[in-house]
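Reviewing the structure listed below.
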Amino acid sequence: MPLSTQSQPDDEHYALVASLDNARNLSNILKAITFKDHAIFTATPNGLKVTVEDSKCLQANAFIQAEIFQEFTIKEDLVGFQVNLTVLLDCLNIFGGTTVPGVSTALRMCYRGYGYPLTLFLEEGGVVTVCKINTEEPEDPIDFDFCSTNVTNKAILLSESLKEAFSELDMTSEVLQITMSPSQPYFRLSTFGNSGNAHYDYPKDSDMMELFRCTKTQTHRYKMSLLKPSTKALALSCKVSVRTDSRGFLSLQYLVRNDDGQICFVEYYCCPDEEVEEE
């Protein structure tokens with residue numbers, strides 16, 4: 001019997017219980033935001049949000065809706081803790097991250113509350129492994145104050161086209177410059193690397209562009225070192241929404257389909273590079 005369908009005698013003591021028939025559905029989405037060791041987990045009745053940050057300039061959030069879990073039980077309105085993400089991923093892949101068709105690792109994730117470890121029950125082929133990971137009190141995530149009312153420009157692209165752009169641009173560039181404009185070039189990515197300047201343009205009526213809504217011309221530069229972690233999410237995604245607000249803050253929202261065809265979202269927020277004057 002899979003772990004997700006077994007009720008445990010301790011269940012009433014847990015603040016959070018989440019079960020998956022296939023642990024890869026969690027580990028894949030967490031890999032898309034793994035660029036620092038520690039992650040903040042925030043659980044609500046709607047599901048799980050996992051946040052990773054870097055030096056107050058970059059924030060990544062993975063959203064795993066409650067419906068994706070075979071079981072998702074939460075005793076409070078909000079359950080939060082901080083955990084070492086690298087250790088958690090090692091535990092989720094303890095059976096080697098099986099990709100054999102028909103074989104999956106079942107997961108039951110339990111958290112009792114403040115001061116208690118995060119307990120993982122992993123089962124594959126009748127073998128059950130129990131991992132306990134120390135938790136810490138979560139820090140408050142940075143509020144980038146990125147709200148839809150301040151969004152000036154937005155484009156939704158097929159991920160394939162963005163992967164193609166990154167393969168053609170010069171990634172030795174220290175910055176990626178993004179131009180969004182109501183007139184040509186509409187949506188342009190530019191790099192300034194060892195082999196000179198490179199531009200990649202998207203016409204607004206391109207097959208690769210699902211939506212293009214631009215209210216004013218904006219050109220901002222973002223440190224390539226901050227954007228590189230987001231390419232992990234890009235590799236997993238099928239669509240990406242690119243938004244900028246009036247301050248030039250960048251939101252990259254990736255739509256990721258898991259092994260079972262369910263949809264999760266990964267979002268990256270990045271602040272503009274203040275050291276570079278706008279052209």
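In the structure tokens, chains take the letters A, B, ... in the order shown, each chain's residues start at 1, and ligands count up from 1 in the order shown.
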(request) as a ChimeraX atom specification, please: all residues of region 56-279 of chain A that backbone DSSP puts in strand (DSSP E or B). (result) /A:58-65,71-74,79-84,106-111,118-124,127-133,135-136,151-158,175-180,187-193,196-202,209-214,218-223,237-245,250-257,263-270
(request) May I have the residues within 7 Å of Asp21 (chain A) as a list in words, using only C-alpha atoms and disregarding those fewer than 3 positions away in the same chain? (result)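 Surrounding residues, per the criterion: Ser4, Gln70, Thr105, Ala106 and Leu107 of chain A.
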Atoms to include: C-alpha atoms. Write the selected residues as a PDB file, in the first residue's frame.
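Writing the result to result16.pdb gives the following:
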```pdb
ATOM      1  CA  SER A   4       0.119   8.375   0.761  1.00  0.00           C
ATOM      2  CA  GLN A  70      -2.429  13.009  -2.786  1.00  0.00           C
ATOM      3  CA  THR A 105       9.346   6.853  -4.838  1.00  0.00           C
ATOM      4  CA  ALA A 106       6.349   7.605  -2.610  1.00  0.00           C
ATOM      5  CA  LEU A 107       6.771  10.452  -0.121  1.00  0.00           C
TER       6      LEU A 107
END
```
(request) Would you mind listing what lies within 9 Å of region 26-37 of chain A as a ChimeraX atom specification, with only C-alpha atoms counted and same-chain residues fewer than 4 positions away left out? (result) /A:20,22,50-54,60-64,83-89,92-93,97,229-236,256,258,264-268
(request) Give the answer as one residue: which of A:Asn134, A:Ser19, A:Thr244, A:Ser190 has the shortest atom-to-atom distance to Arg108 (chain A), using only C-alpha atoms? (result)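 Under the stated criterion, the closest residue is A:Ser19.
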(message) When you count only C-alpha atoms, which of these residues is closest to Asp140 (chain A): A:Leu226, A:Met180, A:Cys57, A:Ile40?
(response)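 So, comparing all the options, the nearest one is A:Ile40.
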(message) Residues within 10 Å of Lys132 (chain A), please, as a VMD selection string. Count only C-alpha atoms; anything in the same chain fewer than 3 positions from it doesn't count.
(response) chain A and resid 88 91 109 to 111 116 to 121 135
(request) as number ranges by chain, please: all residues of region 84-186 of chain A that backbone DSSP puts in helix (DSSP H, G or I). (result) A: 85-92, 148-150, 159-168
Requested write-out: all heavy atoms of the selected residues, as a compact mmCIF listing (two decimals), in the first residue's frame:
```txt
# COMPACT_ATOMS: atom_id res chain seq x y z
N LEU A 85 17.95 23.12 1.94
CA LEU A 85 17.34 22.61 0.72
C LEU A 85 18.20 21.53 0.07
O LEU A 85 17.69 20.56 -0.49
CB LEU A 85 17.15 23.78 -0.26
CG LEU A 85 16.29 23.56 -1.49
CD1 LEU A 85 14.94 22.97 -1.15
CD2 LEU A 85 16.10 24.87 -2.25
N THR A 86 19.52 21.68 0.17
CA THR A 86 20.43 20.69 -0.41
C THR A 86 20.24 19.34 0.27
O THR A 86 20.17 18.30 -0.39
CB THR A 86 21.90 21.16 -0.27
OG1 THR A 86 21.98 22.52 -0.69
CG2 THR A 86 22.83 20.32 -1.09
N VAL A 87 20.11 19.37 1.59
CA VAL A 87 19.91 18.13 2.36
C VAL A 87 18.55 17.52 2.00
O VAL A 87 18.42 16.30 1.80
CB VAL A 87 20.00 18.41 3.88
CG1 VAL A 87 19.58 17.18 4.69
CG2 VAL A 87 21.42 18.83 4.26
N LEU A 88 17.52 18.37 1.91
CA LEU A 88 16.18 17.88 1.57
C LEU A 88 16.19 17.18 0.21
O LEU A 88 15.62 16.10 0.04
CB LEU A 88 15.20 19.04 1.58
CG LEU A 88 13.76 18.74 1.11
CD1 LEU A 88 13.12 17.64 1.92
CD2 LEU A 88 12.90 19.99 1.16
N LEU A 89 16.85 17.79 -0.78
CA LEU A 89 16.91 17.18 -2.11
C LEU A 89 17.66 15.86 -2.09
O LEU A 89 17.28 14.90 -2.76
CB LEU A 89 17.55 18.14 -3.11
CG LEU A 89 16.60 19.19 -3.70
CD1 LEU A 89 17.39 20.25 -4.45
CD2 LEU A 89 15.56 18.56 -4.61
N ASP A 90 18.74 15.80 -1.30
CA ASP A 90 19.49 14.54 -1.17
C ASP A 90 18.59 13.44 -0.61
O ASP A 90 18.63 12.29 -1.06
CB ASP A 90 20.71 14.72 -0.26
CG ASP A 90 21.85 15.47 -0.95
OD1 ASP A 90 21.79 15.60 -2.19
OD2 ASP A 90 22.76 15.92 -0.25
N CYS A 91 17.76 13.81 0.36
CA CYS A 91 16.84 12.83 0.95
C CYS A 91 15.76 12.39 -0.04
O CYS A 91 15.44 11.20 -0.15
CB CYS A 91 16.17 13.41 2.20
SG CYS A 91 17.30 13.70 3.57
N LEU A 92 15.20 13.35 -0.79
CA LEU A 92 14.15 13.02 -1.76
C LEU A 92 14.67 12.08 -2.84
O LEU A 92 13.91 11.31 -3.43
CB LEU A 92 13.59 14.29 -2.40
CG LEU A 92 12.75 15.20 -1.50
CD1 LEU A 92 12.39 16.49 -2.22
CD2 LEU A 92 11.47 14.50 -1.04
N SER A 148 0.70 43.71 -9.27
CA SER A 148 0.22 43.77 -10.66
C SER A 148 -0.19 45.20 -11.06
O SER A 148 -0.10 45.57 -12.22
CB SER A 148 -0.95 42.81 -10.86
OG SER A 148 -1.93 43.03 -9.88
N THR A 149 -0.61 46.02 -10.09
CA THR A 149 -1.04 47.38 -10.43
C THR A 149 0.13 48.24 -10.91
O THR A 149 -0.07 49.23 -11.60
CB THR A 149 -1.71 48.07 -9.22
OG1 THR A 149 -0.84 47.93 -8.10
CG2 THR A 149 -3.05 47.45 -8.92
N ASN A 150 1.37 47.86 -10.50
CA ASN A 150 2.54 48.64 -10.92
C ASN A 150 3.24 48.07 -12.15
O ASN A 150 4.27 48.60 -12.58
CB ASN A 150 3.57 48.72 -9.78
CG ASN A 150 3.09 49.64 -8.66
OD1 ASN A 150 2.28 50.53 -8.91
ND2 ASN A 150 3.56 49.41 -7.46
N SER A 159 8.75 28.86 -23.75
CA SER A 159 10.08 28.71 -23.15
C SER A 159 11.14 28.34 -24.18
O SER A 159 12.30 28.75 -24.06
CB SER A 159 10.03 27.65 -22.05
OG SER A 159 9.15 28.07 -21.03
N GLU A 160 10.74 27.57 -25.19
CA GLU A 160 11.70 27.16 -26.22
C GLU A 160 12.41 28.36 -26.83
O GLU A 160 13.60 28.34 -27.11
CB GLU A 160 10.98 26.38 -27.34
CG GLU A 160 10.68 24.94 -26.99
CD GLU A 160 11.90 24.14 -26.56
OE1 GLU A 160 12.96 24.30 -27.20
OE2 GLU A 160 11.82 23.40 -25.57
N SER A 161 11.64 29.45 -27.06
CA SER A 161 12.23 30.62 -27.72
C SER A 161 13.22 31.33 -26.81
O SER A 161 14.21 31.90 -27.27
CB SER A 161 11.14 31.58 -28.17
OG SER A 161 10.48 32.14 -27.05
N LEU A 162 12.96 31.29 -25.50
CA LEU A 162 13.89 31.94 -24.56
C LEU A 162 15.16 31.09 -24.42
O LEU A 162 16.27 31.62 -24.32
CB LEU A 162 13.21 32.13 -23.21
CG LEU A 162 13.71 33.29 -22.35
CD1 LEU A 162 13.75 34.60 -23.11
CD2 LEU A 162 12.86 33.44 -21.09
N LYS A 163 14.99 29.77 -24.44
CA LYS A 163 16.17 28.88 -24.41
C LYS A 163 17.05 29.15 -25.63
O LYS A 163 18.27 29.19 -25.54
CB LYS A 163 15.73 27.41 -24.41
CG LYS A 163 15.06 26.93 -23.14
CD LYS A 163 14.59 25.49 -23.31
CE LYS A 163 13.54 25.13 -22.28
NZ LYS A 163 12.89 23.84 -22.55
N GLU A 164 16.40 29.33 -26.78
CA GLU A 164 17.13 29.60 -28.02
C GLU A 164 17.89 30.92 -27.91
O GLU A 164 19.06 31.03 -28.32
CB GLU A 164 16.13 29.67 -29.18
CG GLU A 164 16.76 29.73 -30.55
CD GLU A 164 15.70 29.78 -31.64
OE1 GLU A 164 14.75 28.96 -31.61
OE2 GLU A 164 15.81 30.66 -32.51
N ALA A 165 17.23 31.93 -27.33
CA ALA A 165 17.89 33.24 -27.18
C ALA A 165 19.13 33.11 -26.29
O ALA A 165 20.20 33.64 -26.62
CB ALA A 165 16.90 34.23 -26.56
N PHE A 166 18.99 32.40 -25.17
CA PHE A 166 20.13 32.26 -24.26
C PHE A 166 21.27 31.49 -24.91
O PHE A 166 22.44 31.70 -24.59
CB PHE A 166 19.70 31.60 -22.95
CG PHE A 166 18.99 32.56 -22.01
CD1 PHE A 166 17.91 32.13 -21.25
CD2 PHE A 166 19.41 33.87 -21.88
CE1 PHE A 166 17.25 33.01 -20.39
CE2 PHE A 166 18.76 34.75 -21.02
CZ PHE A 166 17.68 34.32 -20.27
N SER A 167 20.94 30.58 -25.82
CA SER A 167 22.00 29.81 -26.48
C SER A 167 22.75 30.68 -27.49
O SER A 167 23.90 30.42 -27.82
CB SER A 167 21.42 28.57 -27.16
OG SER A 167 20.64 28.94 -28.28
N GLU A 168 22.11 31.73 -27.99
CA GLU A 168 22.73 32.58 -29.01
C GLU A 168 23.40 33.84 -28.42
O GLU A 168 24.28 34.42 -29.05
CB GLU A 168 21.69 33.00 -30.05
CG GLU A 168 21.21 31.82 -30.89
CD GLU A 168 20.45 32.24 -32.12
OE1 GLU A 168 20.52 33.42 -32.50
OE2 GLU A 168 19.76 31.37 -32.70
```
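If only C-alpha atoms are the atoms counted, then among A:Thr215, A:Arg257, A:Val130, A:Leu58 the closest residue to Asn153 (chain A) is A:Thr215.
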(request) Could you jot down the CA of Leu255 (chain A) to CA of Leu48 (chain A) separation for me, Å, one decimal place? (result) 15.9 Å
(message) Between CA of Leu250 (chain A) and CA of Glu67 (chain A), what distance in Å does the model show, to one decimal?
(response) 28.7 Å
